[in-house]
Structure formats: structure tokens, C-alpha cells
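Novice: Structure provided below as C-alpha cells; questions to follow.
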Protein chains: 2
Amino acid sequence: MTAEDRREQVIDAAIGVFARRGFEGATTAEIASKVGVSQPYLFRLFPSKKDLFLAASERNMDDTLGLMRSAAGGKTGHEAMHVMAEAYQEMLESNRDWLLMMLQSFAACHDEDVQRQTRKCLQQLWREVESLTGLPVVDRMLFFAKGFLCNVMAAATPAGVGDSVREEIVAAMKEDSGMECGPEAGPEEMLAD
Amino acid sequence: MTAEDRREQVIDAAIGVFARRGFEGATTAEIASKVGVSQPYLFRLFPSKKDLFLAASERNMDDTLGLMRSAAGGKTGHEAMHVMAEAYQEMLESNRDWLLMMLQSFAACHDEDVQRQTRKCLQQLWREVESLTGLPVVDRMLFFAKGFLCNVMAAATPAGVGDSVREEIVAAMKEDSGMECGPEAGPEEMLAD
DNA sequence: CGATGAAATGAGTGACCGATTACTAACCAC
DNA sequence: GTGGTTAGTAATCGGTCACTCATTTCATCG
């Protein structure tokens, strides 16, 4: 197996470990054992633990980018945004590592390198949604706002936990998507259940 | 000085350290030295590092609750929501520890105890905004959504960093607040600037 | 076959960290 | 002043972790 293939495997495993334990809590030994290689070998593949974290964080954000692209398919406008929102919600429920890794990236923004990379990835995501949907800036702003609200809800109230407040908020999202007031608003739902 | 006073001081210092280094990255020695007590004494005041983290996280959320209350004053409705949003944004820019501690609490939600407490605090905040503003659920949902979007923007793009995407989003928030379409919408701004 | 280079590892090291223990000093009621 | 309580510390221990280095395995190729 080439070193490049190994690097990909390591990044995959690192996302899972960093997501659940944070940058300092994660150990290189655990990551290595998940991949099935020795711990010292990680340091041949990545110069330092922090470099590995940055790689994992970037990959996680790129996955989000890919999610949006593949969800949109050939669609545009509100239709594209609708399916992207659905795909995002599905991902939130099915891939907790991905969610937690994203939150770890945000929380680690005290570090300047993490902050710079996170900013860069968010800019890419913003531009991608712009070009995929072609929708006005306000619509995209609300799309991201609701997305981040969903992040926090999913983190604090994962599937299976009964919570009246969560249900209230989810219902509000449905309601909101049904009564859009923009000029081109249709019956599409945004971030519906 | 009473143990209770000390505990408060320790929580204050702990918020700063946990915010910047995360749960595992923070050391009890650094927290203790910030307060000016010995490190072992922390373990008389709190049974474990995790208990200290939970206390710090809860205090941080309670501060948010207090921020909302004092900002609203006697106001209600959209007026109350407007001043709350302004106070929130001001806090985001002036108190980075508070922001990062909140993000650390979210990111640490893999831990069940953290998750349960974070959920509880968010529920309190939701109910408080409900009773303070009396506004419909959709308005409150959008208020929280925009708030969490502001969190991420403030984390990844702190004041002083020029970023065209941030400016775009900020402008969109202004625009959105000026063209509300609800029955009681007025010229009030939401999360303006 | 033998060489070559990349993949991978075993054995370690120094530093650090959370938690414990055993202790001191000040204070307070009687 | 003595018995009891409370704030606080010095010393340290068991354990862990990121990172290093010397070495080994192994496929490829002349």
C-alpha cells in the first residue's frame, strides 16, 4: 500500500477520534490502532499531530462540500436548496462523527492555523452554495443559519432523545419553509424535518 | 475567603482556560495558578476536572441567560428581540472566551453528561426568549438560527480579519431584518450589523 | 541473485498531568 | 487553651503521550 493511500486511511480514522475526544483528548495511538499501523508510523505520514488534525478537519469540510454538490445534482434554485437541506439533515442523523468533527473545528478556532483553515473552508462552502443554487444572499444566509442551528440541536439532542423544545423548533422550521414571502417563494420546504 | 467564593473564582478562570484549550488541553495547574491557589486545592473544591468543566459550562450558559434578561429590560416583542440580538453581537465581539467556551460545550457533547447539561441550558434559553419576547415560534427559531450562524462567523472570522464572505452575510442579515413579512413586522432590525 | 528504496515497526524517552496524601496555619466556641 | 473546623500547600505518584531512532520487512528490478 502506498503512503498516500495510508494517509487517506489515517485521516478517516482521525476524524472519528478527533470528533469524539477533541484535539488534545485524541491520542495518536488510538488513531494508529484503528488503521492497523504502528503509532510511530503516523509521524512519517504527518509531521505532527496538529498537521493531522488540520488534514482531518479539511477533509471533513470537503465532505460537506461534496455532500452539497452530489445532493444538488443538476438542480438549481430553491429546488437545489431543498434537496441540499434534506441531505444535510440526513447526514446529521447518520454520521455523528462528521458533525462532531465540524464542531471541534469551530471550537479549536483559538488556534490561528485552525481558524484560518476553517474560515477558508466555510468560504468555499458559501461560494459553492451560491453557484449551485444561484439564490439571493438572504436565502443563502438563512440556509446556513438554519444549518448551524440544526448542528447544535443534533449535538445536544441526538436522535432518540425525546425533547419538546427540539420538536418545537423542528416544527417551526417546517412552518417557516411553508410560508416564505420572497418574490419567488414556492411550496418548497427548507430544512423540513 | 470562603470555599464558595473560591469556587466562583475558579470557575471564572476555568472558563478562560477551557475555552482556549478545550477540556483535555486545559490543565488544572494553569487554572489554579490563574486563581492563585495550589493545584491540588482545586480537587477539594471540585471532585474532578470534569465536574469543574461542567460547572464552567453551566456558568457560561447562565451568563447568556443573564445577558438576554438584562438586555431585554422591560421590553417585549420584536423590540426585545432586537436589543437582545444587539447585546449578543456585542458580547460575541468583546468576550471571545465566552464564545469559545460555548463552542467547547457543543463540541464536547459526545460526553453524555456534557450533552445532558448543554441540552438543559439550551432549553432554558429557549424558554426564556419565549417568555421575554412572547413572539411566535418561527421568529424565535430564526433568532436562534442567526445567533448560531454569528457564533461560527465570529469564531472563524474574528473582528479585524477582513473577509468578503463575512461582510456579505452581515449585509444579508441587515437586509433580512428590513423586509420581514410577518403580520407584525416593523422597521426593527434583527441581528443588525 | 543481490541491491535498492519505500513501508512499517519495536523500543524507548523526556515531559507532563490528574489525582492523592499527609501536612500546616488560622480561626472559633467554650 | 483545647477540641474541632476550614482554607490551603508541598511532595509525589502512577500513568500517559507525542515524538525519535535504529532497525526490519518486502516488493521491484537490473
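Residue numbering restarts at 1 in every chain; chains get A, B, ... in the order shown in the C-alpha cells, and ligands count up from 1 in that same order.
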Residues of chain D within 8 Å of chain A, counting only C-alpha atoms (C1' of nucleotides), what are they? List them as an MDAnalysis selection string.
Specialist: chainID D and resid 17:19
Novice: Which residues are close to DA29 in chain C, i.e. within 12 Å by only C-alpha atoms (C1' of nucleotides), leaving aside same-chain residues fewer than 4 positions away? Reply as a list in words.
Specialist: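 Close residues of DA29 in chain C: DG1, DT2, DG3, DG4 and DT5 of chain D.
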Novice: Could the residues in this selection be saved with C-alpha atoms (C1' of nucleotides) as a tab-separated table (two decimals), in the first residue's frame?
Specialist:
chain	number	residue	atom	x	y	z
D	1	DG	C1'	-6.09	26.51	75.93
D	2	DT	C1'	-8.15	22.87	73.83
D	3	DG	C1'	-11.04	20.38	70.63
D	4	DG	C1'	-12.77	20.97	66.20
D	5	DT	C1'	-13.24	23.07	61.69
Novice: Excluding same-chain residues fewer than 3 positions from DT4 in chain C, what lies within 12 Å of it counting only C-alpha atoms (C1' of nucleotides), as a PyMOL selection string?
Specialist: chain D and resi 26-30
Novice: Could you please write out, as a PyMOL selection string, every residue of range 125-186 of chain B that DSSP assigns to alpha helix (DSSP H)?
Specialist: chain B and resi 125-133+137-156+164-178
Novice: Give me the chain C side of the contact with chain A, cut-off 9 Å, one line per residue showing its nearest atom pair and distance in Å at one decimal, counting only C-alpha atoms (C1' of nucleotides), sorted by chain and residue number, as JSON lines.
Specialist:
{"residue": "C:DA6", "atom": "C1'", "partner": "A:Thr2", "partner_atom": "CA", "distance": 8.8}
{"residue": "C:DA7", "atom": "C1'", "partner": "A:Ala3", "partner_atom": "CA", "distance": 7.6}
{"residue": "C:DA8", "atom": "C1'", "partner": "A:Tyr41", "partner_atom": "CA", "distance": 6.8}
{"residue": "C:DT9", "atom": "C1'", "partner": "A:Ser38", "partner_atom": "CA", "distance": 6.5}
